[in-house]
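Novice: My file is query_26.csv. It has CSV, C-alpha atoms:
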chain,number,residue,atom,x,y,z
A,1,MET,CA,102.6,47.1,-11.3
A,2,GLY,CA,102.9,43.9,-13.5
A,3,LYS,CA,102.6,40.3,-12.5
A,4,ASN,CA,105.3,37.7,-12.0
A,5,VAL,CA,105.0,34.0,-12.7
A,6,LEU,CA,107.1,31.0,-11.5
A,7,LEU,CA,107.5,28.0,-13.8
A,8,VAL,CA,108.3,24.7,-12.1
A,9,ASP,CA,109.5,21.8,-14.2
A,10,ASP,CA,112.5,19.5,-14.2
A,11,SER,CA,112.8,20.0,-18.0
A,12,SER,CA,114.5,23.2,-18.9
A,13,THR,CA,113.1,22.7,-22.4
A,14,MET,CA,109.5,22.5,-21.1
A,15,ARG,CA,110.1,25.7,-19.0
A,16,LYS,CA,111.1,27.5,-22.2
A,17,ILE,CA,108.1,26.1,-24.1
A,18,ILE,CA,105.7,27.2,-21.4
A,19,GLY,CA,107.3,30.7,-21.3
A,20,ARG,CA,107.0,30.9,-25.1
A,21,SER,CA,103.4,29.7,-25.0
A,22,LEU,CA,102.5,32.5,-22.5
A,23,ARG,CA,103.9,35.1,-24.9
A,24,GLN,CA,102.2,33.5,-27.9
A,25,ALA,CA,98.9,33.5,-25.9
A,26,GLY,CA,99.4,37.2,-25.3
A,27,ILE,CA,99.9,36.8,-21.5
A,28,ASP,CA,102.6,39.1,-20.5
A,29,PHE,CA,104.5,38.8,-17.2
A,30,ASP,CA,107.0,41.3,-15.9
A,31,ASN,CA,109.2,38.5,-14.6
A,32,ILE,CA,109.3,34.8,-15.4
A,33,TYR,CA,111.1,32.9,-12.6
A,34,GLU,CA,112.1,29.2,-13.1
A,35,ALA,CA,112.6,26.3,-10.7
A,36,ALA,CA,113.6,22.7,-11.5
A,37,ASP,CA,111.7,21.0,-8.6
A,38,GLY,CA,109.5,21.8,-5.6
A,39,LEU,CA,112.4,22.6,-3.3
A,40,GLU,CA,113.8,25.2,-5.7
A,41,ALA,CA,110.2,26.6,-6.2
A,42,LEU,CA,109.7,27.0,-2.4
A,43,GLU,CA,113.0,29.0,-2.3
A,44,VAL,CA,111.9,31.3,-5.1
A,45,LEU,CA,108.5,31.9,-3.4
A,46,GLU,CA,110.2,32.8,-0.1
A,47,ASN,CA,112.4,35.3,-1.8
A,48,GLU,CA,110.5,36.8,-4.7
A,49,SER,CA,107.1,38.4,-5.3
A,50,VAL,CA,105.2,35.8,-7.4
A,51,ASP,CA,101.6,36.1,-8.4
A,52,ILE,CA,101.0,32.6,-9.9
A,53,VAL,CA,102.9,29.3,-10.2
A,54,LEU,CA,102.7,26.9,-13.1
A,55,SER,CA,104.0,23.5,-11.9
A,56,ASP,CA,104.7,20.1,-13.2
A,57,ILE,CA,103.8,17.1,-11.0
A,58,ASN,CA,106.5,14.4,-11.7
A,59,MET,CA,109.8,15.9,-10.7
A,60,PRO,CA,112.9,14.7,-8.8
A,61,ASN,CA,113.8,15.8,-5.2
A,62,MET,CA,110.3,17.3,-4.5
A,63,ASP,CA,107.4,16.5,-6.8
A,64,GLY,CA,104.4,18.8,-7.5
A,65,ILE,CA,102.2,17.2,-4.9
A,66,SER,CA,104.8,17.4,-2.1
A,67,PHE,CA,105.4,21.0,-3.2
A,68,LEU,CA,101.7,21.9,-2.8
A,69,ARG,CA,101.6,20.2,0.6
A,70,GLU,CA,104.8,22.1,1.9
A,71,LYS,CA,103.6,25.4,0.4
A,72,ALA,CA,100.2,25.1,2.2
A,73,SER,CA,102.1,24.8,5.5
A,74,ARG,CA,103.9,28.1,5.1
A,75,ASP,CA,101.8,31.1,6.0
A,76,ALA,CA,103.8,33.6,3.9
A,77,ILE,CA,103.3,31.7,0.6
A,78,LYS,CA,100.2,29.5,1.1
A,79,ASP,CA,97.8,31.8,-0.8
A,80,ILE,CA,99.8,32.0,-4.0
A,81,PRO,CA,97.8,30.2,-6.6
A,82,VAL,CA,99.2,27.1,-8.4
A,83,LEU,CA,98.1,25.8,-11.8
A,84,MET,CA,99.4,22.3,-12.6
A,85,ILE,CA,100.9,21.6,-16.1
A,86,SER,CA,101.6,17.8,-16.3
A,87,THR,CA,101.2,14.6,-18.3
A,88,GLU,CA,99.3,13.4,-15.2
A,89,THR,CA,95.6,13.7,-15.9
A,90,GLY,CA,94.1,11.0,-13.6
A,91,ASP,CA,91.2,12.1,-11.3
A,92,ASP,CA,93.1,10.7,-8.3
A,93,ILE,CA,96.3,12.8,-8.7
A,94,ILE,CA,94.6,15.9,-10.0
A,95,GLY,CA,92.0,15.6,-7.3
A,96,GLU,CA,94.8,15.4,-4.7
A,97,ALA,CA,96.5,18.4,-6.2
A,98,LYS,CA,93.2,20.4,-6.0
A,99,ALA,CA,92.6,19.3,-2.5
A,100,LEU,CA,96.0,20.7,-1.6
A,101,GLY,CA,95.2,24.1,-3.2
A,102,ALA,CA,95.9,23.8,-7.0
A,103,ILE,CA,93.4,25.9,-8.9
A,104,GLY,CA,93.4,23.8,-12.1
A,105,ALA,CA,95.4,21.7,-14.5
A,106,ILE,CA,96.6,21.8,-18.1
A,107,LYS,CA,97.5,18.5,-19.8
A,108,LYS,CA,100.8,18.1,-21.6
A,109,PRO,CA,101.0,18.3,-24.6
A,110,PHE,CA,99.3,21.7,-24.8
A,111,THR,CA,98.8,24.6,-27.2
A,112,PRO,CA,99.2,28.3,-26.5
A,113,ASP,CA,95.4,28.6,-27.0
A,114,LYS,CA,94.9,26.0,-24.2
A,115,VAL,CA,97.2,27.9,-21.9
A,116,ASN,CA,95.3,31.1,-22.6
A,117,GLU,CA,91.9,29.4,-22.1
A,118,VAL,CA,92.8,28.1,-18.7
A,119,LEU,CA,95.2,30.7,-17.4
A,120,GLY,CA,93.6,33.9,-18.9
A,121,PRO,CA,90.5,33.9,-16.6
A,122,LEU,CA,92.7,33.4,-13.5
A,123,LEU,CA,94.7,36.6,-14.0
B,1,MET,CA,93.7,-2.8,-26.8
B,2,ASN,CA,95.8,-2.1,-30.0
B,3,VAL,CA,99.0,-1.1,-28.3
B,4,GLY,CA,100.7,-0.2,-31.7
B,5,GLN,CA,97.8,2.2,-32.5
B,6,ALA,CA,98.0,3.7,-29.0
B,7,ILE,CA,101.7,4.4,-29.6
B,8,ILE,CA,100.9,6.0,-32.9
B,9,ASP,CA,98.1,8.2,-31.5
B,10,ALA,CA,100.1,9.2,-28.5
B,11,THR,CA,103.2,10.2,-30.5
B,12,THR,CA,101.4,12.0,-33.4
B,13,GLU,CA,99.4,14.1,-30.9
B,14,VAL,CA,102.6,15.2,-29.1
B,15,PHE,CA,104.3,16.2,-32.4
B,16,SER,CA,101.3,17.9,-33.9
B,17,THR,CA,100.5,19.8,-30.7
B,18,MET,CA,104.0,20.8,-29.5
B,19,LEU,CA,106.0,20.9,-32.7
B,20,MET,CA,103.3,21.5,-35.4
B,21,VAL,CA,104.8,18.5,-37.3
B,22,ASP,CA,102.7,15.8,-39.0
B,23,LEU,CA,104.7,12.6,-38.7
B,24,GLU,CA,104.7,9.8,-41.3
B,25,VAL,CA,103.9,6.5,-39.6
B,26,GLY,CA,105.7,3.3,-40.5
B,27,LYS,CA,104.8,-0.4,-40.1
B,28,THR,CA,104.4,-1.5,-36.5
B,29,ILE,CA,106.9,-4.2,-35.4
B,30,GLU,CA,105.8,-6.7,-32.8
B,31,GLY,CA,108.0,-9.2,-31.0
B,32,ARG,CA,111.8,-9.5,-31.2
B,33,GLY,CA,113.6,-7.7,-33.9
B,34,GLY,CA,117.0,-6.4,-34.9
B,35,ASP,CA,118.9,-3.7,-33.1
B,36,ILE,CA,117.5,-0.2,-33.3
B,37,PRO,CA,120.1,2.3,-34.6
B,38,ALA,CA,120.1,5.4,-32.5
B,39,ASN,CA,122.5,8.1,-31.3
B,40,ILE,CA,120.2,9.1,-28.4
B,41,THR,CA,117.7,7.1,-26.5
B,42,SER,CA,115.4,8.3,-23.8
B,43,MET,CA,113.8,5.7,-21.6
B,44,ILE,CA,111.0,6.0,-19.1
B,45,GLY,CA,110.0,3.3,-16.6
B,46,LEU,CA,106.4,2.1,-16.2
B,47,GLY,CA,105.0,0.5,-13.1
B,48,LYS,CA,101.7,-0.7,-11.5
B,49,ASP,CA,99.4,-2.7,-13.9
B,50,ILE,CA,101.8,-2.3,-16.9
B,51,ARG,CA,105.5,-2.8,-15.9
B,52,GLY,CA,108.2,-2.1,-18.4
B,53,MET,CA,109.8,0.7,-20.4
B,54,LEU,CA,108.9,3.2,-23.1
B,55,ALA,CA,111.9,4.3,-25.2
B,56,VAL,CA,112.4,7.0,-27.8
B,57,HIS,CA,115.3,6.1,-30.1
B,58,CYS,CA,116.6,8.9,-32.4
B,59,PRO,CA,119.4,9.4,-34.8
B,60,ALA,CA,121.3,12.6,-34.1
B,61,SER,CA,119.7,14.6,-36.9
B,62,VAL,CA,116.1,13.9,-35.7
B,63,ALA,CA,117.1,14.7,-32.1
B,64,LYS,CA,118.6,18.0,-33.1
B,65,ASP,CA,115.6,18.8,-35.3
B,66,ILE,CA,113.1,18.1,-32.4
B,67,THR,CA,115.2,20.2,-30.0
B,68,GLY,CA,115.6,23.1,-32.5
B,69,SER,CA,111.8,23.1,-33.0
B,70,PHE,CA,111.2,23.1,-29.3
B,71,LEU,CA,113.6,25.9,-28.6
B,72,GLY,CA,113.1,27.9,-31.7
B,73,MET,CA,116.9,27.9,-32.6
B,74,GLU,CA,119.4,25.9,-34.6
B,75,VAL,CA,120.9,23.0,-32.6
B,76,THR,CA,124.3,21.7,-33.9
B,77,GLU,CA,125.4,19.1,-31.3
B,78,LEU,CA,123.9,16.5,-29.0
B,79,ASP,CA,124.1,18.4,-25.7
B,80,GLU,CA,122.1,18.7,-22.5
B,81,ASP,CA,119.3,20.6,-24.3
B,82,VAL,CA,118.9,17.7,-26.7
B,83,LYS,CA,118.9,15.1,-23.8
B,84,ASP,CA,116.3,17.2,-22.0
B,85,ALA,CA,114.1,17.7,-25.1
B,86,ILE,CA,114.0,14.0,-26.1
B,87,GLY,CA,113.3,13.1,-22.4
B,88,GLU,CA,110.3,15.4,-22.5
B,89,ILE,CA,109.1,13.7,-25.7
B,90,ALA,CA,109.3,10.4,-23.9
B,91,ASN,CA,107.5,11.9,-20.9
B,92,MET,CA,104.6,13.2,-23.0
B,93,VAL,CA,104.2,10.0,-25.1
B,94,ALA,CA,104.2,8.0,-21.9
B,95,GLY,CA,101.6,10.3,-20.4
B,96,ASN,CA,99.3,9.8,-23.4
B,97,MET,CA,99.9,6.0,-23.2
B,98,LYS,CA,98.9,6.2,-19.6
B,99,ILE,CA,95.5,7.6,-20.6
B,100,SER,CA,95.0,4.9,-23.3
B,101,PHE,CA,95.8,2.1,-20.8
B,102,ALA,CA,93.5,3.7,-18.2
B,103,GLU,CA,90.7,3.6,-20.7
B,104,ASP,CA,91.5,-0.1,-21.0
B,105,GLY,CA,91.2,-0.5,-17.3
B,106,LYS,CA,95.0,-0.6,-16.6
B,107,ALA,CA,96.7,1.9,-14.3
B,108,ILE,CA,100.3,3.0,-15.0
B,109,GLU,CA,102.8,4.9,-12.9
B,110,ILE,CA,105.4,6.8,-14.9
B,111,ALA,CA,109.0,7.4,-13.7
B,112,ILE,CA,111.3,10.3,-14.6
B,113,PRO,CA,113.0,9.8,-18.0
B,114,THR,CA,116.6,8.7,-18.4
B,115,THR,CA,118.5,9.7,-21.6
B,116,ILE,CA,121.7,8.3,-23.0
B,117,ILE,CA,123.8,9.5,-25.9
B,118,GLY,CA,126.3,7.2,-27.8
B,119,ASP,CA,127.2,5.6,-31.0
B,120,SER,CA,127.0,1.9,-30.0
B,121,PHE,CA,124.6,0.8,-27.3
B,122,ARG,CA,121.6,-1.5,-26.9
B,123,THR,CA,118.8,-1.5,-24.3
B,124,SER,CA,117.3,-4.7,-22.9
B,125,GLY,CA,114.1,-5.3,-21.0
B,126,MET,CA,112.5,-7.9,-18.9
B,127,PHE,CA,112.4,-11.6,-20.1
B,128,GLY,CA,109.1,-12.5,-21.5
B,129,ALA,CA,108.0,-8.9,-22.1
B,130,HIS,CA,105.8,-7.9,-25.0
B,131,ARG,CA,107.6,-5.6,-27.4
B,132,VAL,CA,106.0,-3.2,-29.8
B,133,VAL,CA,108.1,-0.8,-32.0
B,134,VAL,CA,106.7,1.9,-34.2
B,135,PRO,CA,108.9,3.8,-36.7
B,136,PHE,CA,108.1,7.4,-37.5
B,137,THR,CA,109.5,9.7,-40.2
B,138,MET,CA,110.2,13.4,-39.5
B,139,ASN,CA,111.8,15.6,-42.2
B,140,GLY,CA,112.9,12.4,-44.1
B,141,GLU,CA,114.6,10.8,-41.1
B,142,VAL,CA,113.3,7.9,-39.1
B,143,PHE,CA,113.1,7.6,-35.3
B,144,MET,CA,111.4,4.9,-33.3
B,145,ILE,CA,109.2,4.5,-30.2
B,146,GLU,CA,109.5,1.2,-28.4
B,147,LEU,CA,107.4,-0.2,-25.7
B,148,LYS,CA,108.4,-3.3,-23.7
B,149,TYR,CA,105.9,-4.3,-21.1
B,150,ILE,CA,104.4,-7.0,-19.0
B,151,CYS,CA,100.8,-6.8,-17.8
B,152,SER,CA,100.4,-7.6,-14.1
B,153,ASN,CA,97.2,-9.5,-14.9
B,154,GLY,CA,99.0,-11.7,-17.4
B,155,ASP,CA,97.4,-10.2,-20.6
I'd like the structure from this file rewritten - as structure tokens, please.
Specialist:
Amino acid sequence: MGKNVLLVDDSSTMRKIIGRSLRQAGIDFDNIYEAADGLEALEVLENESVDIVLSDINMPNMDGISFLREKASRDAIKDIPVLMISTETGDDIIGEAKALGAIGAIKKPFTPDKVNEVLGPLL
Amino acid sequence: MNVGQAIIDATTEVFSTMLMVDLEVGKTIEGRGGDIPANITSMIGLGKDIRGMLAVHCPASVAKDITGSFLGMEVTELDEDVKDAIGEIANMVAGNMKISFAEDGKAIEIAIPTTIIGDSFRTSGMFGAHRVVVPFTMNGEVFMIELKYICSNGD
């Protein structure tokens, strides 16, 4: 059985770019789900089988940090790994994300090679 | 800190990494200047130690080129995809500027971009703000990155 990924970013363009980067990096998923903010992401996680989440931080409605906090409080989805993909690189906010369960971070802008370097070992 | 050079470094990195495009860099403009012609502008608010706005001003042709390169398809009109793509350019340039200012000891908070499309509009910033504009050329067409800001420590 293959793996499924959830891409969370308020930019539809960025979700397409991340999906393309995964393919260019040779990382194949059976299903690529998309969400535009943390609220939509929680709904997908509650209803679909997702193996890993790639999430932005700065988003409307529910940002990436609040998403991590809410996800951690829900037993059914709390163990699904989340990798942050964001323009945010500061130790404070990335540290907060990791404290809430994020397994790593990729800085925007990024190359497919960078995605493969960080995500590959996690799969 | 050389703010103009920081804009150049931030912008060229975004385009070379995400679009595989090497931009030509024009002469940096500081202070008040004429209107910036654009069909689409994406603005992103900055807060904390540096308060103000970073804007990406594009003619329609450049905006469609950028979006087409992002999406891997031909783009023929200024639609929601173009607004989204130019907003993401603004977001990534602002993110790189945040790193440059952090290295200079100044913290920035970045808002979510707002993008407008039109044939005749102008943007205005805070009274007394520093203003730095850098023109870039992509495929023979010019677009501009503008930063209007006030340092909270008075720099």
Novice: In Å to one decimal, how far is atom CA of Ile7 of chain B from atom CA of Asp92 of chain A?
Specialist: 23.8 Å
Novice: Just want the 12 Å neighbourhood of Phe15 of chain B, counted on all atoms listed in the file, with same-chain residues fewer than 3 positions away dropped. Output as a PyMOL selection string.
Specialist: (chain A and resi 108-111) or (chain B and resi 8-12+18-24+65-67+69-70+86+88-90+92-93+136-138)
Novice: Contacts of Met59 of chain A at 6 Å or less, counting only C-alpha atoms, minus same-chain residues fewer than 3 places along, as a PyMOL selection string?
Specialist: chain A and resi 10+37+63
Novice: Using all atoms listed in the file, I'd like a table of the residues in chain A that come within 12 Å of chain B; for each, show the closest atom pair and its distance in Å rounded to one decimal, ordered by chain and ascending number, as a tab-separated table.
Specialist:
residue	atom	partner	partner_atom	distance
A:Asp9	CA	B:Glu88	CA	10.5
A:Asp10	CA	B:Asp84	CA	9.0
A:Ser11	CA	B:Asp84	CA	6.0
A:Ser12	CA	B:Asp84	CA	7.0
A:Thr13	CA	B:Ala85	CA	5.8
A:Met14	CA	B:Glu88	CA	7.3
A:Arg15	CA	B:Leu71	CA	10.2
A:Lys16	CA	B:Leu71	CA	7.1
A:Ile17	CA	B:Phe70	CA	6.8
A:Ile18	CA	B:Met18	CA	10.5
A:Gly19	CA	B:Leu71	CA	10.8
A:Arg20	CA	B:Leu71	CA	9.0
A:Ser21	CA	B:Met18	CA	10.0
A:Asp56	CA	B:Asn91	CA	11.6
A:Ile57	CA	B:Ile112	CA	10.7
A:Asn58	CA	B:Ile112	CA	6.9
A:Met59	CA	B:Ile112	CA	7.0
A:Pro60	CA	B:Ile112	CA	7.5
A:Asn61	CA	B:Ile112	CA	11.2
A:Asp63	CA	B:Ile112	CA	10.7
A:Ile85	CA	B:Met92	CA	11.5
A:Ser86	CA	B:Gly95	CA	8.5
A:Thr87	CA	B:Gly95	CA	4.8
A:Glu88	CA	B:Gly95	CA	6.5
A:Thr89	CA	B:Ile99	CA	7.7
A:Gly90	CA	B:Ile99	CA	7.9
A:Asp91	CA	B:Ala102	CA	11.1
A:Asp92	CA	B:Ala107	CA	11.2
A:Ile93	CA	B:Glu109	CA	11.1
A:Lys107	CA	B:Gly95	CA	9.2
A:Lys108	CA	B:Met92	CA	6.4
A:Pro109	CA	B:Val14	CA	5.7
A:Phe110	CA	B:Thr17	CA	6.3
A:Thr111	CA	B:Thr17	CA	6.2
A:Pro112	CA	B:Met18	CA	9.4
A:Asp113	CA	B:Thr17	CA	10.8
A:Lys114	CA	B:Thr17	CA	10.6
Novice: Would you mind exporting the chosen residues as a PDB file, in the coordinates of the input, restricted to C-alpha atoms?
Specialist:
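Written output follows (again39.pdb):
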ATOM      1  CA  ASP A   9     109.500  21.800 -14.200  1.00  0.00           C
ATOM      2  CA  ASP A  10     112.500  19.500 -14.200  1.00  0.00           C
ATOM      3  CA  SER A  11     112.800  20.000 -18.000  1.00  0.00           C
ATOM      4  CA  SER A  12     114.500  23.200 -18.900  1.00  0.00           C
ATOM      5  CA  THR A  13     113.100  22.700 -22.400  1.00  0.00           C
ATOM      6  CA  MET A  14     109.500  22.500 -21.100  1.00  0.00           C
ATOM      7  CA  ARG A  15     110.100  25.700 -19.000  1.00  0.00           C
ATOM      8  CA  LYS A  16     111.100  27.500 -22.200  1.00  0.00           C
ATOM      9  CA  ILE A  17     108.100  26.100 -24.100  1.00  0.00           C
ATOM     10  CA  ILE A  18     105.700  27.200 -21.400  1.00  0.00           C
ATOM     11  CA  GLY A  19     107.300  30.700 -21.300  1.00  0.00           C
ATOM     12  CA  ARG A  20     107.000  30.900 -25.100  1.00  0.00           C
ATOM     13  CA  SER A  21     103.400  29.700 -25.000  1.00  0.00           C
ATOM     14  CA  ASP A  56     104.700  20.100 -13.200  1.00  0.00           C
ATOM     15  CA  ILE A  57     103.800  17.100 -11.000  1.00  0.00           C
ATOM     16  CA  ASN A  58     106.500  14.400 -11.700  1.00  0.00           C
ATOM     17  CA  MET A  59     109.800  15.900 -10.700  1.00  0.00           C
ATOM     18  CA  PRO A  60     112.900  14.700  -8.800  1.00  0.00           C
ATOM     19  CA  ASN A  61     113.800  15.800  -5.200  1.00  0.00           C
ATOM     20  CA  ASP A  63     107.400  16.500  -6.800  1.00  0.00           C
ATOM     21  CA  ILE A  85     100.900  21.600 -16.100  1.00  0.00           C
ATOM     22  CA  SER A  86     101.600  17.800 -16.300  1.00  0.00           C
ATOM     23  CA  THR A  87     101.200  14.600 -18.300  1.00  0.00           C
ATOM     24  CA  GLU A  88      99.300  13.400 -15.200  1.00  0.00           C
ATOM     25  CA  THR A  89      95.600  13.700 -15.900  1.00  0.00           C
ATOM     26  CA  GLY A  90      94.100  11.000 -13.600  1.00  0.00           C
ATOM     27  CA  ASP A  91      91.200  12.100 -11.300  1.00  0.00           C
ATOM     28  CA  ASP A  92      93.100  10.700  -8.300  1.00  0.00           C
ATOM     29  CA  ILE A  93      96.300  12.800  -8.700  1.00  0.00           C
ATOM     30  CA  LYS A 107      97.500  18.500 -19.800  1.00  0.00           C
ATOM     31  CA  LYS A 108     100.800  18.100 -21.600  1.00  0.00           C
ATOM     32  CA  PRO A 109     101.000  18.300 -24.600  1.00  0.00           C
ATOM     33  CA  PHE A 110      99.300  21.700 -24.800  1.00  0.00           C
ATOM     34  CA  THR A 111      98.800  24.600 -27.200  1.00  0.00           C
ATOM     35  CA  PRO A 112      99.200  28.300 -26.500  1.00  0.00           C
ATOM     36  CA  ASP A 113      95.400  28.600 -27.000  1.00  0.00           C
ATOM     37  CA  LYS A 114      94.900  26.000 -24.200  1.00  0.00           C
TER      38      LYS A 114
END
Novice: Could you list, as a ChimeraX atom specification, every residue within 12 Å of Met84 of chain A, counting only C-alpha atoms and ignoring same-chain residues fewer than 6 positions away?
Specialist: /A:6-9,18,52-58,63-65,67-68,93-98,100-108,115,118-119
Novice: One number please: atom CA of Ile36 of chain B to atom CA of Arg122 of chain B, in Å, one decimal.
Specialist: 7.7 Å
Novice: Can you work out the spacing between atom CA of Arg32 of chain B and atom CA of Asp119 of chain B in Å, to one decimal?
Specialist: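 We find that atom CA of Arg32 of chain B and atom CA of Asp119 of chain B lie 21.6 Å from each other.
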Novice: Pick from B:Gly4, B:Pro135, B:Pro113, B:Gly128: nearest to Cys58 of chain B, with all atoms listed in the file counted?
Specialist: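 The answer is B:Pro135, which sits nearest to Cys58 of chain B.
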Novice: Pick out the closest residue to Thr114 of chain B from this set: B:Gly45, B:Gly31, B:Gly68, B:Gly26. Count all atoms listed in the file.
Specialist: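 Ranking B:Gly45, B:Gly31, B:Gly68, B:Gly26 by distance to Thr114 of chain B, first place goes to B:Gly45.
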Novice: May I have the residues at most 7 Å from (106.9, -8.2, -24.1) in the file's coordinates, counting all atoms listed in the file, as a VMD selection string?
Specialist: chain B and resid 128 to 131 148 to 150
Novice: Limited to C-alpha atoms, could you put the picked residues into a file as a PDB file, in the coordinates of the input?
Specialist:
ATOM      1  CA  GLY B 128     109.100 -12.500 -21.500  1.00  0.00           C
ATOM      2  CA  ALA B 129     108.000  -8.900 -22.100  1.00  0.00           C
ATOM      3  CA  HIS B 130     105.800  -7.900 -25.000  1.00  0.00           C
ATOM      4  CA  ARG B 131     107.600  -5.600 -27.400  1.00  0.00           C
ATOM      5  CA  LYS B 148     108.400  -3.300 -23.700  1.00  0.00           C
ATOM      6  CA  TYR B 149     105.900  -4.300 -21.100  1.00  0.00           C
ATOM      7  CA  ILE B 150     104.400  -7.000 -19.000  1.00  0.00           C
TER       8      ILE B 150
END
Novice: Using all atoms listed in the file, find the one residue out of A:Val82, A:Ala72, A:Leu123, A:Val50 that sits nearest to Ile27 of chain A.
Specialist: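 Once distances to Ile27 of chain A are computed over all atoms listed in the file, the minimum belongs to A:Leu123.
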Novice: Please identify all polymer residues lying at most 9 Å from the point (91.6, -2.8, -25.9) (file coordinates), using only C-alpha atoms, and present the result as a ChimeraX atom specification.
Specialist: /B:1-3,100-101,103-105
